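Take a look at the structure set out below.
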Amino acid sequence: MNNFILGFKFALSYFTILPVKFKEEDDLSKKEILAFMLFSLPLVGLIIGIISLTLYSFLDQLSWFGAIICAVSYMIFYGFIHTEAIIDVVDAIYAKHSGKDAYEVIKEPTIGAMGVLYALAFFTLKIAGIVYLFLNDYLLEFLSIIIISRLMVLFVIKNFDFKSSFVTQLKESLSTNIFLVAILIFTFLNIFLIGFEAIILTIVAFIISYLLALFIRKNVGFLNGDALGSILELSEVILIIFLLIL
């Protein structure tokens with residue numbers, strides 16, 4: 001139980017801006033803790049999603065402006081960590097096309113113009129999509145999508161190799177049993193939230209995340225933590241569009 005609590009706290013501290021404290025003796029490098037950190041990722045999405053919806057319940061009288069505030073707040077709650085990943089991946093893609101070392105570029109602290117433009121484009125699409133969900137009362141669908149997108153991070157980690165020591169460590173910690181239990185628990189949770197269309201969204205998300213991982217690996221030459229963040233962001237945007245069309 002202690003390992004699960006530490007893994008959950010680690011996920012909160014790593015993937016959100018929510019304040020989390022650890023004791024000096026806490027060893028977060030244990031396999032069990034890293035495994036439960038990954039297991040907790042969809043739960044972290046659910047938590048910041050609920051916080052965003054709670055905020056919206058106070059601001060819904062402001063119509064589209066209140067929805068924009070809450071949509072941006074959702075991204076602020078995870079510190080734009082996944083949005084920033086899009087910048088790095090796009091910069092790496094263009095660097096490779098120019099004959100440069102994509103790995104060196106993706107690790108640079110500076111950012112390129114193309115990365116900024118692409119991130120701005122996806123940021124705009126994502127905010128617009130979330131606002132549309134809010135204004136049309138697709139609130140539970142919003143929760144479902146952000147759970148699924150984070151579940152797909154586990155899927156990609158489990159099925160691909162990475163040029164990142166930390167993500168490789170996470171991959172080695174993620175047992176098949178924990179991965180399958182996460183799929184089952186969070187799929188049933190989504191069915192409870194929005195019904196059996198959650199199964200359709202999950203299947204579509206598996207396909208999207210797999211194709212995105214293949215695309216990034218082909219165009220960058222490798223996968224790393226930035227690739228995972230980009231897959232999460234793009235999956236959410238595509239799932240929102242798919243849900244609204246469906």
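The way I read the labels, and the way they are meant: chains A, B, ... in the order of the structure tokens, residue 1 as the first residue of every chain, and ligand 1 as the first ligand shown, with later ones counted on from there.
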
Restrict the calculation to only C-alpha atoms, then for each residue of region 9-46 of chain A with any atom at most 9 Å from an atom of region 155-170 of chain A give the closest atom pair and their distance in Å to one decimal, rows by chain and rising residue number, as a tab-separated table.
```
residue	atom	partner	partner_atom	distance
A:Ser29	CA	A:Gln169	CA	8.9
A:Lys31	CA	A:Leu170	CA	7.9
A:Leu34	CA	A:Leu170	CA	6.1
A:Ala35	CA	A:Leu170	CA	6.9
A:Met37	CA	A:Leu170	CA	8.9
A:Leu38	CA	A:Leu170	CA	7.7
```

### Task
Can you list, as a PyMOL selection string, all residues belonging to region 2-144 of chain A that DSSP tags as alpha helix (DSSP H)?
chain A and resi 2-15+31-59+64-77+81-97+102-107+113-135+139-144

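Using only C-alpha atoms, the protein and nucleic acid residues lying no more than 8 Å from Ser230 (chain A), apart from those fewer than 5 places from it along its own chain, are His82, Thr83, Ala85, Ile86 and Val89 of chain A.
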
Write the residues of the selection above to a file with all heavy atoms, as a CSV table (one decimal), in the first residue's frame.
```csv
chain,number,residue,atom,x,y,z
A,82,HIS,N,3.0,18.5,-21.4
A,82,HIS,CA,2.8,17.7,-22.7
A,82,HIS,C,2.8,18.7,-23.9
A,82,HIS,O,3.2,18.3,-25.0
A,82,HIS,CB,1.5,16.9,-22.6
A,82,HIS,CG,1.3,16.2,-21.3
A,82,HIS,ND1,2.3,15.3,-20.8
A,82,HIS,CD2,0.4,16.2,-20.3
A,82,HIS,CE1,1.9,14.8,-19.7
A,82,HIS,NE2,0.7,15.3,-19.4
A,83,THR,N,2.3,19.9,-23.7
A,83,THR,CA,2.3,20.9,-24.8
A,83,THR,C,3.7,21.2,-25.2
A,83,THR,O,4.0,21.4,-26.4
A,83,THR,CB,1.5,22.1,-24.4
A,83,THR,OG1,0.3,21.8,-23.7
A,83,THR,CG2,1.2,23.0,-25.6
A,85,ALA,N,6.1,19.4,-25.0
A,85,ALA,CA,6.7,18.2,-25.7
A,85,ALA,C,6.5,18.3,-27.2
A,85,ALA,O,7.4,17.9,-28.0
A,85,ALA,CB,6.1,16.9,-25.2
A,86,ILE,N,5.4,18.9,-27.6
A,86,ILE,CA,5.1,19.1,-29.1
A,86,ILE,C,6.1,19.9,-29.7
A,86,ILE,O,6.6,19.7,-30.8
A,86,ILE,CB,3.7,19.6,-29.3
A,86,ILE,CG1,2.6,18.6,-28.9
A,86,ILE,CG2,3.5,20.0,-30.8
A,86,ILE,CD1,1.2,19.2,-29.0
A,89,VAL,N,9.3,17.9,-30.2
A,89,VAL,CA,9.2,16.9,-31.3
A,89,VAL,C,9.2,17.5,-32.7
A,89,VAL,O,9.9,17.0,-33.6
A,89,VAL,CB,8.0,16.0,-31.1
A,89,VAL,CG1,7.7,15.1,-32.3
A,89,VAL,CG2,8.1,15.2,-29.8
```

### Task
Considering only C-alpha atoms, state which residue in the set A:Ile183, A:Ile148, A:Val153, A:Ile240 is at the smallest distance from Ala205 (chain A).
A:Ile148

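Counting only C-alpha atoms, Gly66 (chain A) has the following residues at most 12 Å away, ignoring those fewer than 4 positions along the same chain: Ser52, Leu53, Thr54, Leu55, Tyr56, Ser57, Phe58, Leu59, Asp60, Gln61, Leu62, Cys70, Ala71, Val72, Ser73, Ile130, Val131, Tyr132, Phe134 and Leu135 of chain A.
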
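Candidate residues A:Phe4, A:Phe10, A:Phe80, A:Phe196 were compared for distance to Lys23 (chain A), and the nearest is A:Phe10, using only C-alpha atoms.
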
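Of the listed residues A:Ile48, A:Ala11, A:Ala92, A:Met75, the one whose atoms come nearest to Asn224 (chain A) is A:Ala92, with distances taken using only C-alpha atoms.
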
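Taking CA of Val90 (chain A) and CA of Leu174 (chain A) as endpoints, the distance between them is 27.9 Å.
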
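Closest to Phe242 (chain A) among A:Gly195, A:Gly129, A:Pro109, A:Gly221 is A:Gly129, based on only C-alpha atoms.
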
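Straight-line separation from CA of Lys218 (chain A) to CA of Leu151 (chain A): 22.7 Å.
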
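The two atoms in question, CA of Val20 (chain A) and CA of Asn3 (chain A), are spaced 15.5 Å apart.
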
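For Leu193 (chain A), the residues within 8 Å (counting only C-alpha atoms, excluding itself and residues fewer than 6 positions away along the chain) are Leu140, Glu141 and Ser144 of chain A.
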
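Counting only C-alpha atoms, the residue from A:Val116, A:Val237, A:Leu154, A:Ile191 that sits nearest to Ala128 (chain A) is A:Val237.
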
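Between Leu244 (chain A) and the candidates A:Thr124, A:Ser98, A:Asn136, A:Ser40, the tightest atom-to-atom separation, counting only C-alpha atoms, involves A:Asn136.
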